[in-house]
Structures are given as C-alpha cells and as structure tokens.
file work.cif (mmCIF, C-alpha atoms)
data_upload
#
loop_
_atom_site.group_PDB
_atom_site.id
_atom_site.type_symbol
_atom_site.label_atom_id
_atom_site.label_comp_id
_atom_site.auth_asym_id
_atom_site.auth_seq_id
_atom_site.Cartn_x
_atom_site.Cartn_y
_atom_site.Cartn_z
ATOM 1 C CA MET L 1 -31.309 8.912 -8.960
ATOM 2 C CA PRO L 2 -28.289 8.506 -11.297
ATOM 3 C CA GLN L 3 -26.784 11.953 -10.763
ATOM 4 C CA ARG L 4 -25.861 13.748 -7.589
ATOM 5 C CA GLU L 5 -23.644 16.642 -6.584
ATOM 6 C CA ILE L 6 -22.787 18.416 -3.333
ATOM 7 C CA GLU L 7 -21.732 22.022 -2.981
ATOM 8 C CA ASN L 8 -21.158 23.735 0.357
ATOM 9 C CA GLY L 9 -22.996 20.937 2.124
ATOM 10 C CA ARG L 10 -26.132 21.214 -0.041
ATOM 11 C CA LEU L 11 -27.432 18.455 -2.269
ATOM 12 C CA SER L 12 -28.340 18.679 -5.946
ATOM 13 C CA THR L 13 -29.962 15.553 -7.426
ATOM 14 C CA VAL L 14 -31.816 14.153 -10.444
ATOM 15 C CA TRP L 15 -34.497 11.442 -10.266
ATOM 16 C CA ARG L 16 -35.567 9.266 -13.213
ATOM 17 C CA PRO L 17 -37.773 6.184 -13.628
ATOM 18 C CA GLY L 18 -36.084 3.038 -12.331
ATOM 19 C CA THR L 19 -36.555 -0.173 -10.375
ATOM 20 C CA GLY L 20 -34.857 -2.062 -7.578
ATOM 21 C CA ALA L 21 -33.316 -1.052 -4.291
ATOM 22 C CA GLN L 22 -31.622 2.283 -3.714
ATOM 23 C CA TRP L 23 -29.793 3.522 -0.646
ATOM 24 C CA VAL L 24 -28.434 7.019 -0.122
ATOM 25 C CA HIS L 25 -26.039 8.243 2.576
ATOM 26 C CA TRP L 26 -24.075 11.455 3.003
ATOM 27 C CA GLY L 27 -21.797 13.027 5.559
ATOM 28 C CA LEU L 28 -19.957 9.729 6.061
ATOM 29 C CA SER L 29 -16.424 9.549 7.388
ATOM 30 C CA VAL L 30 -14.100 7.298 5.383
ATOM 31 C CA GLY L 31 -14.425 4.568 8.029
ATOM 32 C CA ASP L 32 -18.219 4.740 7.996
ATOM 33 C CA PHE L 33 -18.248 4.755 4.209
ATOM 34 C CA VAL L 34 -16.041 1.668 3.990
ATOM 35 C CA ALA L 35 -18.226 -0.199 6.490
ATOM 36 C CA GLN L 36 -21.439 0.801 4.702
ATOM 37 C CA ASP L 37 -20.086 -0.180 1.298
ATOM 38 C CA ARG L 38 -18.965 -3.551 2.625
ATOM 39 C CA THR L 39 -22.462 -4.220 3.975
ATOM 40 C CA TYR L 40 -24.212 -3.212 0.751
ATOM 41 C CA PHE L 41 -21.710 -5.082 -1.430
ATOM 42 C CA ALA L 42 -22.596 -8.309 0.377
ATOM 43 C CA GLN L 43 -26.269 -7.546 -0.331
ATOM 44 C CA GLY L 44 -25.695 -7.263 -4.083
ATOM 45 C CA LEU L 45 -25.549 -3.455 -4.236
ATOM 46 C CA ARG L 46 -22.857 -1.391 -5.925
ATOM 47 C CA ILE L 47 -21.947 2.301 -5.826
ATOM 48 C CA SER L 48 -23.701 4.182 -8.620
ATOM 49 C CA SER L 49 -22.657 7.678 -7.536
ATOM 50 C CA LEU L 50 -19.934 8.931 -5.211
ATOM 51 C CA VAL L 51 -19.003 12.445 -4.126
ATOM 52 C CA LEU L 52 -16.356 13.602 -1.650
ATOM 53 C CA GLU L 53 -16.505 17.019 -0.020
ATOM 54 C CA ALA L 54 -14.450 18.273 2.924
ATOM 55 C CA GLY L 55 -13.365 14.738 3.802
ATOM 56 C CA ARG L 56 -16.950 13.417 3.925
ATOM 57 C CA TYR L 57 -18.511 10.940 1.524
ATOM 58 C CA ALA L 58 -21.924 10.949 -0.113
ATOM 59 C CA ALA L 59 -22.964 7.940 -2.159
ATOM 60 C CA VAL L 60 -25.834 6.118 -3.842
ATOM 61 C CA TRP L 61 -25.956 2.306 -3.896
ATOM 62 C CA ARG L 62 -28.074 0.374 -6.384
ATOM 63 C CA PRO L 63 -28.325 -3.306 -7.478
ATOM 64 C CA GLY L 64 -25.224 -4.573 -9.263
ATOM 65 C CA ALA L 65 -22.823 -7.475 -9.575
ATOM 66 C CA GLY L 66 -19.155 -8.230 -10.004
ATOM 67 C CA ALA L 67 -16.009 -6.586 -8.689
ATOM 68 C CA GLN L 68 -15.895 -2.985 -7.540
ATOM 69 C CA TRP L 69 -12.956 -0.947 -6.277
ATOM 70 C CA TRP L 70 -12.915 2.721 -5.372
ATOM 71 C CA HIS L 71 -10.251 5.158 -4.275
ATOM 72 C CA SER L 72 -10.249 8.893 -3.684
ATOM 73 C CA LYS L 73 -7.650 11.688 -3.714
ATOM 74 C CA ARG L 74 -5.113 9.606 -5.610
ATOM 75 C CA GLY L 75 -2.140 11.323 -7.218
ATOM 76 C CA VAL L 76 -1.291 10.590 -10.827
ATOM 77 C CA VAL L 77 1.378 7.938 -10.034
ATOM 78 C CA ASP L 78 -0.867 5.842 -7.785
ATOM 79 C CA PHE L 79 -3.834 6.355 -10.094
ATOM 80 C CA LYS L 80 -1.924 5.031 -13.108
ATOM 81 C CA ALA L 81 -0.666 2.022 -11.149
ATOM 82 C CA GLU L 82 -4.155 1.129 -9.941
ATOM 83 C CA ASP L 83 -5.833 1.728 -13.298
ATOM 84 C CA SER L 84 -3.272 -0.458 -15.073
ATOM 85 C CA ALA L 85 -3.744 -3.281 -12.566
ATOM 86 C CA TYR L 86 -7.532 -3.114 -12.678
ATOM 87 C CA PHE L 87 -7.592 -2.864 -16.460
ATOM 88 C CA ALA L 88 -5.627 -6.106 -16.642
ATOM 89 C CA ARG L 89 -8.344 -7.731 -14.503
ATOM 90 C CA GLY L 90 -11.117 -6.664 -16.868
ATOM 91 C CA LEU L 91 -12.241 -3.583 -14.944
ATOM 92 C CA ARG L 92 -12.878 -0.167 -16.475
ATOM 93 C CA LEU L 93 -13.376 3.287 -14.980
ATOM 94 C CA ALA L 94 -17.001 3.935 -14.041
ATOM 95 C CA ARG L 95 -16.543 7.396 -12.579
ATOM 96 C CA PHE L 96 -13.726 9.920 -12.616
ATOM 97 C CA GLU L 97 -13.547 13.189 -10.696
ATOM 98 C CA LEU L 98 -10.625 15.538 -10.137
ATOM 99 C CA GLN L 99 -9.953 16.479 -6.508
ATOM 100 C CA ASP L 100 -7.615 18.835 -4.758
ATOM 101 C CA ASP L 101 -4.795 17.827 -2.401
ATOM 102 C CA PRO L 102 -4.045 14.244 -3.515
ATOM 103 C CA VAL L 103 -2.569 11.910 -0.915
ATOM 104 C CA GLY L 104 -0.119 9.068 -1.473
ATOM 105 C CA ALA L 105 -1.569 5.577 -1.280
ATOM 106 C CA TYR L 106 1.125 4.620 1.264
ATOM 107 C CA ARG L 107 2.961 6.111 4.240
ATOM 108 C CA TYR L 108 6.646 5.659 4.972
ATOM 109 C CA PRO L 109 6.869 2.447 7.027
ATOM 110 C CA TRP L 110 8.170 3.905 10.266
ATOM 111 C CA LYS L 111 7.060 6.251 13.050
ATOM 112 C CA GLY L 112 5.674 9.624 12.009
ATOM 113 C CA GLY L 113 7.914 12.647 12.455
ATOM 114 C CA VAL L 114 11.138 10.625 12.113
ATOM 115 C CA SER L 115 13.519 10.974 9.142
ATOM 116 C CA TYR L 116 15.713 8.364 7.449
ATOM 117 C CA SER L 117 17.836 8.236 4.321
ATOM 118 C CA VAL L 118 16.914 6.479 1.092
ATOM 119 C CA GLY L 119 19.676 4.059 0.110
ATOM 120 C CA GLN L 120 18.061 3.216 -3.204
ATOM 121 C CA GLY L 121 14.945 4.702 -4.758
ATOM 122 C CA ASN L 122 13.128 3.729 -7.904
ATOM 123 C CA ASN L 123 15.440 3.114 -10.879
ATOM 124 C CA SER L 124 18.549 4.005 -8.882
ATOM 125 C CA ALA L 125 21.435 4.502 -11.302
ATOM 126 C CA GLY L 126 24.094 1.866 -10.820
ATOM 127 C CA GLY L 127 22.059 0.034 -8.173
ATOM 128 C CA SER L 128 19.895 -3.068 -8.156
ATOM 129 C CA HIS L 129 16.568 -1.222 -8.044
ATOM 130 C CA ASN L 130 15.868 -0.998 -11.745
ATOM 131 C CA GLY L 131 14.195 -3.078 -14.415
ATOM 132 C CA SER L 132 11.801 -5.478 -12.707
ATOM 133 C CA GLN L 133 12.918 -4.066 -9.356
ATOM 134 C CA ALA L 134 12.169 -0.452 -10.219
ATOM 135 C CA TRP L 135 9.991 1.094 -7.534
ATOM 136 C CA ALA L 136 11.608 -0.953 -4.785
ATOM 137 C CA PHE L 137 13.091 1.143 -1.985
ATOM 138 C CA ASP L 138 15.878 0.730 0.567
ATOM 139 C CA PHE L 139 15.336 2.845 3.669
ATOM 140 C CA GLY L 140 18.203 3.321 6.118
ATOM 141 C CA LEU L 141 16.485 2.188 9.294
ATOM 142 C CA PRO L 142 18.948 1.149 12.028
ATOM 143 C CA ALA L 143 18.562 -2.375 13.371
ATOM 144 C CA GLY L 144 15.748 -2.613 15.896
ATOM 145 C CA THR L 145 13.694 0.278 14.505
ATOM 146 C CA GLU L 146 9.923 -0.205 14.589
ATOM 147 C CA VAL L 147 8.562 -1.076 11.142
ATOM 148 C CA ARG L 148 5.000 0.126 10.628
ATOM 149 C CA ALA L 149 2.365 -0.850 8.081
ATOM 150 C CA ALA L 150 2.498 1.576 5.160
ATOM 151 C CA ARG L 151 -1.178 0.919 4.466
ATOM 152 C CA ALA L 152 -3.999 -0.973 6.173
ATOM 153 C CA GLY L 153 -4.274 -4.596 5.139
ATOM 154 C CA ARG L 154 -4.134 -8.259 6.073
ATOM 155 C CA VAL L 155 -0.994 -10.211 6.930
ATOM 156 C CA GLU L 156 -0.696 -12.726 4.109
ATOM 157 C CA TRP L 157 2.729 -14.269 4.634
ATOM 158 C CA LEU L 158 5.801 -13.964 6.866
ATOM 159 C CA GLN L 159 9.077 -15.576 7.892
ATOM 160 C CA GLU L 160 10.752 -14.530 11.129
ATOM 161 C CA ASN L 161 13.334 -16.945 12.517
ATOM 162 C CA LEU L 162 16.245 -16.480 10.089
ATOM 163 C CA THR L 163 19.545 -15.250 11.512
ATOM 164 C CA ALA L 164 22.022 -15.591 8.641
ATOM 165 C CA THR L 165 23.212 -12.669 6.499
ATOM 166 C CA PHE L 166 25.115 -12.586 3.224
ATOM 167 C CA ASN L 167 26.860 -9.316 2.394
ATOM 168 C CA PRO L 168 27.270 -9.160 -1.426
ATOM 169 C CA ASN L 169 29.816 -6.341 -1.052
ATOM 170 C CA GLN L 170 32.271 -8.594 0.775
ATOM 171 C CA ALA L 171 34.141 -11.692 -0.342
ATOM 172 C CA SER L 172 32.309 -14.962 0.043
ATOM 173 C CA GLY L 173 33.703 -17.354 2.604
ATOM 174 C CA PRO L 174 33.072 -18.846 6.038
ATOM 175 C CA GLY L 175 30.601 -16.599 7.819
ATOM 176 C CA ASN L 176 29.544 -14.886 4.597
ATOM 177 C CA MET L 177 28.104 -17.518 2.303
ATOM 178 C CA PRO L 178 25.576 -16.640 -0.446
ATOM 179 C CA PHE L 179 22.146 -18.191 -0.335
ATOM 180 C CA PRO L 180 20.916 -20.388 -3.208
ATOM 181 C CA ALA L 181 19.468 -18.483 -6.150
ATOM 182 C CA GLY L 182 15.731 -18.053 -5.684
ATOM 183 C CA SER L 183 15.848 -18.975 -2.002
ATOM 184 C CA LEU L 184 13.545 -17.008 0.282
ATOM 185 C CA GLN L 185 16.546 -16.706 2.595
ATOM 186 C CA ASN L 186 17.717 -13.863 0.361
ATOM 187 C CA TRP L 187 14.822 -11.762 1.683
ATOM 188 C CA GLY L 188 15.743 -12.382 5.287
ATOM 189 C CA ASN L 189 12.882 -12.168 7.746
ATOM 190 C CA ALA L 190 9.952 -10.631 5.939
ATOM 191 C CA VAL L 191 6.261 -9.725 6.017
ATOM 192 C CA ARG L 192 3.770 -9.354 3.174
ATOM 193 C CA LEU L 193 0.520 -7.399 3.616
ATOM 194 C CA ARG L 194 -2.408 -7.576 1.209
ATOM 195 C CA HIS L 195 -4.362 -4.367 0.671
ATOM 196 C CA ALA L 196 -7.700 -3.418 -0.836
ATOM 197 C CA GLY L 197 -7.779 -3.931 -4.579
ATOM 198 C CA GLY L 198 -5.301 -6.815 -4.619
ATOM 199 C CA PHE L 199 -2.123 -4.845 -3.944
ATOM 200 C CA THR L 200 0.573 -6.163 -1.625
ATOM 201 C CA SER L 201 3.385 -4.440 0.279
ATOM 202 C CA TRP L 202 6.577 -6.332 1.144
ATOM 203 C CA TYR L 203 9.002 -5.669 4.038
ATOM 204 C CA PHE L 204 12.424 -7.433 3.974
ATOM 205 C CA HIS L 205 15.593 -7.944 6.094
ATOM 206 C CA LEU L 206 13.714 -7.748 9.408
ATOM 207 C CA GLN L 207 15.291 -8.521 12.753
ATOM 208 C CA ALA L 208 15.062 -12.177 13.776
ATOM 209 C CA ASN L 209 11.961 -13.053 15.793
ATOM 210 C CA SER L 210 10.765 -9.430 15.781
ATOM 211 C CA VAL L 211 7.587 -9.899 13.751
ATOM 212 C CA GLY L 212 4.673 -9.003 16.016
ATOM 213 C CA VAL L 213 1.778 -10.058 13.789
ATOM 214 C CA ASN L 214 0.409 -13.371 12.562
ATOM 215 C CA VAL L 215 -0.822 -14.557 9.180
ATOM 216 C CA GLY L 216 -4.461 -13.554 8.836
ATOM 217 C CA ASP L 217 -4.246 -10.542 11.150
ATOM 218 C CA GLN L 218 -5.879 -7.308 9.998
ATOM 219 C CA VAL L 219 -3.540 -4.390 10.585
ATOM 220 C CA THR L 220 -4.143 -0.665 10.466
ATOM 221 C CA GLN L 221 -1.957 1.875 8.722
ATOM 222 C CA GLY L 222 0.813 2.805 11.136
ATOM 223 C CA GLN L 223 0.554 -0.340 13.229
ATOM 224 C CA VAL L 224 3.910 -1.786 14.312
ATOM 225 C CA ILE L 225 4.446 -5.102 12.502
ATOM 226 C CA ALA L 226 8.149 -5.855 13.124
ATOM 227 C CA ARG L 227 11.598 -4.340 13.670
ATOM 228 C CA SER L 228 14.228 -3.614 11.044
ATOM 229 C CA GLY L 229 17.354 -5.707 10.818
ATOM 230 C CA ASN L 230 20.113 -7.065 8.619
ATOM 231 C CA THR L 231 19.059 -10.595 7.701
ATOM 232 C CA GLY L 232 19.198 -12.241 4.276
ATOM 233 C CA ARG L 233 21.105 -10.767 1.330
ATOM 234 C CA SER L 234 21.978 -7.408 2.838
ATOM 235 C CA SER L 235 25.035 -5.182 3.085
ATOM 236 C CA GLY L 236 23.878 -3.470 6.273
ATOM 237 C CA ALA L 237 20.864 -2.787 8.461
ATOM 238 C CA HIS L 238 17.998 -1.319 6.422
ATOM 239 C CA LEU L 239 14.412 -1.921 5.338
ATOM 240 C CA TYR L 240 13.574 -3.037 1.813
ATOM 241 C CA PHE L 241 10.042 -2.042 0.756
ATOM 242 C CA GLN L 242 8.072 -2.659 -2.424
ATOM 243 C CA VAL L 243 4.496 -2.824 -3.727
ATOM 244 C CA GLN L 244 3.134 -5.382 -6.191
ATOM 245 C CA ALA L 245 -0.216 -5.668 -7.935
ATOM 246 C CA ASP L 246 -0.093 -9.315 -8.958
ATOM 247 C CA SER L 247 -0.310 -12.626 -7.124
ATOM 248 C CA ALA L 248 1.548 -13.579 -3.993
ATOM 249 C CA ASP L 249 4.487 -14.686 -6.138
ATOM 250 C CA TRP L 250 7.598 -12.569 -6.651
ATOM 251 C CA GLY L 251 6.853 -10.271 -9.572
ATOM 252 C CA LEU L 252 6.905 -6.823 -11.072
ATOM 253 C CA ARG L 253 6.894 -3.895 -8.651
ATOM 254 C CA VAL L 254 4.447 -1.078 -9.314
ATOM 255 C CA PRO L 255 4.884 2.664 -8.806
ATOM 256 C CA CYS L 256 3.732 4.066 -5.489
ATOM 257 C CA THR L 257 3.926 7.338 -3.611
ATOM 258 C CA PHE L 258 4.166 8.156 0.073
ATOM 259 C CA GLY L 259 2.489 10.587 2.434
ATOM 260 C CA SER L 260 0.401 13.700 2.127
ATOM 261 C CA ASN L 261 2.705 15.105 -0.575
ATOM 262 C CA CYS L 262 2.687 12.019 -2.836
ATOM 263 C CA GLU L 263 6.472 11.737 -2.539
ATOM 264 C CA GLN L 264 8.564 9.569 -4.865
ATOM 265 C CA PRO L 265 11.847 9.309 -2.927
ATOM 266 C CA ALA L 266 15.093 9.023 -4.857
ATOM 267 C CA GLY L 267 18.311 7.424 -3.697
ATOM 268 C CA GLY L 268 20.326 9.745 -1.472
ATOM 269 C CA ALA L 269 17.315 11.687 -0.224
ATOM 270 C CA THR L 270 16.298 12.055 3.412
ATOM 271 C CA VAL L 271 12.580 11.664 3.979
ATOM 272 C CA THR L 272 10.296 12.235 6.945
ATOM 273 C CA SER L 273 7.389 9.923 7.740
ATOM 274 C CA ASP L 274 3.841 11.134 8.347
ATOM 275 C CA ASN L 275 2.710 7.677 9.438
ATOM 276 C CA ALA L 276 1.240 7.078 12.907
ATOM 277 C CA THR L 277 3.245 8.462 15.851
ATOM 278 C CA THR L 278 1.866 6.297 18.660
#
call {"tool": "encode", "arguments": {"input": "work.cif", "output": "structure tokens"}}
result
Amino acid sequence: MPQREIENGRLSTVWRPGTGAQWVHWGLSVGDFVAQDRTYFAQGLRISSLVLEAGRYAAVWRPGAGAQWWHSKRGVVDFKAEDSAYFARGLRLARFELQDDPVGAYRYPWKGGVSYSVGQGNNSAGGSHNGSQAWAFDFGLPAGTEVRAARAGRVEWLQENLTATFNPNQASGPGNMPFPAGSLQNWGNAVRLRHAGGFTSWYFHLQANSVGVNVGDQVTQGQVIARSGNTGRSSGAHLYFQVQADSADWGLRVPCTFGSNCEQPAGGATVTSDNATT
C-alpha cells in the first residue's frame, strides 16, 4: 500500500504486490504517533506514507533501515534549516506535502501570555549577533524569571554555580574582570537541550544555582528549567538563546522561528510567548 490519502476523515488507498510487514494507523494524536513510530523504528520499520488532517496523523510503516526524521507544519525558515542540516548528514527528502497554518519549531522560552523585549535579534545591526552568531537572541528577562524549554528534549549539558559577571560596556578593573577567551565562564550559568533530529537549544546567563534539571533528564516544551540572571559576559540581566544543528561544540547558529505565527523577532521588538502557562 504505497499511496494513501485522507479527505474529510475518509480513506483513499492503493494496494500493489509486495512483501514484508506492514502496519497502518490513523486518527493518532501527535503523542500517540511519536510513541508508535518509536516502537516500529526499533523493530526495523520506517514510515512509508504519512498524512496529517485536522491535527491527527495517519501513517503506514514498512520494513526499512537507517535514519529517519519527520516534521509537520514547518514554516519555510525552520524547514530550510532542518533540510540543510539533514542534507549534510546524507539524508534526502522522501515525502513533501504543503500544509496550512505552519507553526514555529520553538516557543519563546518563558511563560505563555507574558511579553518581553528583544535586546538583539538575528543579524542585529551594530550588535554582536551577526556572522556566526546570527540567529542568536537576547531576551530582556529580569533576573529570577522562570526560563522554560523552548522545545521538548533531553538535558545534555549544564553549569550552574557561577556567580561572577563581566560587563563589557564598563571599564575593566577590580570587580569587573574579563574572563579568558574561550572560557565557558563567558556563558555564565547555562543549559543545553538536545532535540529530535540532532538540534540543540542553548540558554545562557542564568541565575546561580537556579537550574532545576539534571543532565539526562527528558523535559517537555514549556517545562521550567532554570531562572534568568546576569552571570558570565553580560551587560545586564537577560536570557541569551540560540539553536545549533551540529555537535555539542560551540558552532554555527541556525535559523529558527517561534510560536504559532512562526515569528522571527528583531532587536527592539516586544514579543509575547505562547509557551506553557502552568
């Protein structure tokens, strides 16, 4: 059954000669679909057909091997970032379908319904967020604000007991000494989450001893992971956020969008989170 479509809840399919296992499910929520795919993947099955209608998934799994990543309702910015990263890993598009109402791959990393300013957005003119740091963001969270996971993932790395701050906008001297070049102290207290597909999100300048997760923990989108602060190389309390698609090492940021409107916040804007509220 290599082809399948759904319209108004009704199925249209084609059967052809074939061999091997085949499993079909429809009407799955995203959580059920993820769980089912994980089970079949471990059994040597891969998705051969996938359809999304009214927030429900229908799919066919057949024998296969190798890596497989899927995403739905991606906007053009997130799609290009993911396709570029997967292409570099030797993966190619197996299925492509246009959908209405794309959703950003990430949510703003604070409580839903609350607004904060964007100190620097991607490629901020005259700022530090350009070149290799394009697509890094500074959000004006006051010290002590809950920082929430922008996307579900696993805690891969953290540091949480730093108290020193270096303000690059003030003269260096006692009480304001720069950190060595390349030192992780420049990031202040920080957390890195790894997401499906090999992407990582980074959260810097966190309040000392405020990280509430441990390495290896699985976190849900919107889960509180720490509190914002002013540690490391920082000119004031804020949250630095970026996404990478490479290894755990410091590297090139990739484009990302936030929320149900696929927002790309620019420096000077005020943005409202639609992340979790509880």
call {"tool": "residues_around", "arguments": {"input": "work.cif", "residues": "Ala245 (chain L)", "least_positions_apart": "6", "cutoff": "9 Å", "atoms": "only C-alpha atoms", "output": "PDB file with C-alpha atoms, in the coordinates of the input"}}
result
ATOM      1  CA  ALA L  81      -0.666   2.022 -11.149  1.00  0.00           C
ATOM      2  CA  GLU L  82      -4.155   1.129  -9.941  1.00  0.00           C
ATOM      3  CA  ALA L  85      -3.744  -3.281 -12.566  1.00  0.00           C
ATOM      4  CA  GLY L 197      -7.779  -3.931  -4.579  1.00  0.00           C
ATOM      5  CA  GLY L 198      -5.301  -6.815  -4.619  1.00  0.00           C
ATOM      6  CA  PHE L 199      -2.123  -4.845  -3.944  1.00  0.00           C
ATOM      7  CA  THR L 200       0.573  -6.163  -1.625  1.00  0.00           C
ATOM      8  CA  GLY L 251       6.853 -10.271  -9.572  1.00  0.00           C
ATOM      9  CA  LEU L 252       6.905  -6.823 -11.072  1.00  0.00           C
ATOM     10  CA  ARG L 253       6.894  -3.895  -8.651  1.00  0.00           C
ATOM     11  CA  VAL L 254       4.447  -1.078  -9.314  1.00  0.00           C
TER      12      VAL L 254
END
call {"tool": "resolve_selection", "arguments": {"input": "work.cif", "expression": "the PyMOL selection byres ((chain L and resi 74) around 9)", "output": "ChimeraX atom specification"}}
result
/L:71-73,75-79,99,101-105,262
call {"tool": "write_last_selection", "arguments": {"input": "work.cif", "atoms": "C-alpha atoms", "output": "PDB file, in the coordinates of the input"}}
result
ATOM      1  CA  HIS L  71     -10.251   5.158  -4.275  1.00  0.00           C
ATOM      2  CA  SER L  72     -10.249   8.893  -3.684  1.00  0.00           C
ATOM      3  CA  LYS L  73      -7.650  11.688  -3.714  1.00  0.00           C
ATOM      4  CA  GLY L  75      -2.140  11.323  -7.218  1.00  0.00           C
ATOM      5  CA  VAL L  76      -1.291  10.590 -10.827  1.00  0.00           C
ATOM      6  CA  VAL L  77       1.378   7.938 -10.034  1.00  0.00           C
ATOM      7  CA  ASP L  78      -0.867   5.842  -7.785  1.00  0.00           C
ATOM      8  CA  PHE L  79      -3.834   6.355 -10.094  1.00  0.00           C
ATOM      9  CA  GLN L  99      -9.953  16.479  -6.508  1.00  0.00           C
ATOM     10  CA  ASP L 101      -4.795  17.827  -2.401  1.00  0.00           C
ATOM     11  CA  PRO L 102      -4.045  14.244  -3.515  1.00  0.00           C
ATOM     12  CA  VAL L 103      -2.569  11.910  -0.915  1.00  0.00           C
ATOM     13  CA  GLY L 104      -0.119   9.068  -1.473  1.00  0.00           C
ATOM     14  CA  ALA L 105      -1.569   5.577  -1.280  1.00  0.00           C
ATOM     15  CA  CYS L 262       2.687  12.019  -2.836  1.00  0.00           C
TER      16      CYS L 262
END
call {"tool": "closest_residue", "arguments": {"input": "work.cif", "among": "L:Gly64, L:Gly229, L:Gly90, L:Gly121", "to": "Gln264 (chain L)", "atoms": "all atoms listed in the file"}}
result
L:Gly121
call {"tool": "resolve_selection", "arguments": {"input": "work.cif", "expression": "the PyMOL selection byres ((chain L and resi 169) around 10)", "output": "list in words"}}
result
Phe166, Asn167, Pro168, Gln170, Ala171, Ser172, Ser234, Ser235 and Gly236 of chain L
call {"tool": "closest_atom_pairs", "arguments": {"input": "work.cif", "of": "region 80-108 of chain L", "to": "region 130-154 of chain L", "cutoff": "8 Å", "atoms": "all atoms listed in the file", "output": "Markdown table"}}
result
| residue | atom | partner | partner_atom | distance |
| --- | --- | --- | --- | --- |
| L:Ala105 | CA | L:Arg151 | CA | 7.4 |
| L:Tyr106 | CA | L:Ala150 | CA | 5.1 |
| L:Arg107 | CA | L:Ala150 | CA | 4.7 |
| L:Tyr108 | CA | L:Ala150 | CA | 5.8 |
call {"tool": "resolve_selection", "arguments": {"input": "work.cif", "expression": "the PyMOL selection byres ((chain L and resi 277) around 7)", "output": "number ranges by chain"}}
result
L: 111-112, 275-276, 278
call {"tool": "closest_residue", "arguments": {"input": "work.cif", "among": "L:Gly55, L:Gly232, L:Val14, L:Trp250", "to": "Pro180 (chain L)", "atoms": "all atoms listed in the file"}}
result
L:Gly232
call {"tool": "closest_residue", "arguments": {"input": "work.cif", "among": "L:Ala35, L:Leu45, L:Leu162, L:Val243", "to": "Ser210 (chain L)", "atoms": "all atoms listed in the file"}}
result
L:Leu162
call {"tool": "atom_distance", "arguments": {"input": "work.cif", "atom1": "CA of Gly20 (chain L)", "atom2": "CA of Phe96 (chain L)"}}
result
24.8 Å
call {"tool": "closest_residue", "arguments": {"input": "work.cif", "among": "L:Glu97, L:Ala67, L:Thr13, L:Ala196", "to": "Val34 (chain L)", "atoms": "only C-alpha atoms"}}
result
L:Ala196
call {"tool": "closest_residue", "arguments": {"input": "work.cif", "among": "L:Ser260, L:Gln221, L:Asn186, L:Gln43", "to": "Tyr240 (chain L)", "atoms": "all atoms listed in the file"}}
result
L:Asn186
call {"tool": "closest_residue", "arguments": {"input": "work.cif", "among": "L:Ser117, L:Ser183, L:Gln22, L:Asn230", "to": "Thr272 (chain L)", "atoms": "all atoms listed in the file"}}
result
L:Ser117
call {"tool": "residues_near_point", "arguments": {"input": "work.cif", "point": "(18.1, -15.5, 11.4)", "cutoff": "8 Å", "atoms": "all atoms listed in the file", "output": "PyMOL selection string"}}
result
chain L and resi 160-165+188-189+207-209+231-232
call {"tool": "atom_distance", "arguments": {"input": "work.cif", "atom1": "CA of Asn214 (chain L)", "atom2": "CA of Gly259 (chain L)"}}
result
26.1 Å
call {"tool": "atom_distance", "arguments": {"input": "work.cif", "atom1": "CA of Gly222 (chain L)", "atom2": "CA of Gln242 (chain L)"}}
result
16.3 Å
call {"tool": "residues_around", "arguments": {"input": "work.cif", "residues": "Arg95 (chain L)", "least_positions_apart": "6", "cutoff": "10 Å", "atoms": "only C-alpha atoms", "output": "PyMOL selection string"}}
result
chain L and resi 48-50+70
call {"tool": "residues_around", "arguments": {"input": "work.cif", "residues": "Leu93 (chain L)", "least_positions_apart": "5", "cutoff": "9 Å", "atoms": "all atoms listed in the file", "output": "ChimeraX atom specification"}}
result
/L:83,86-87
call {"tool": "axis_aligned_box", "arguments": {"input": "work.cif", "around": "region 231-241 of chain L", "padding_each_side": "3 Å", "output": "AutoDock Vina command-line options"}}
result
--center_x 17.5 --center_y -6.8 --center_z 4.6 --size_x 21.0 --size_y 16.9 --size_z 13.7
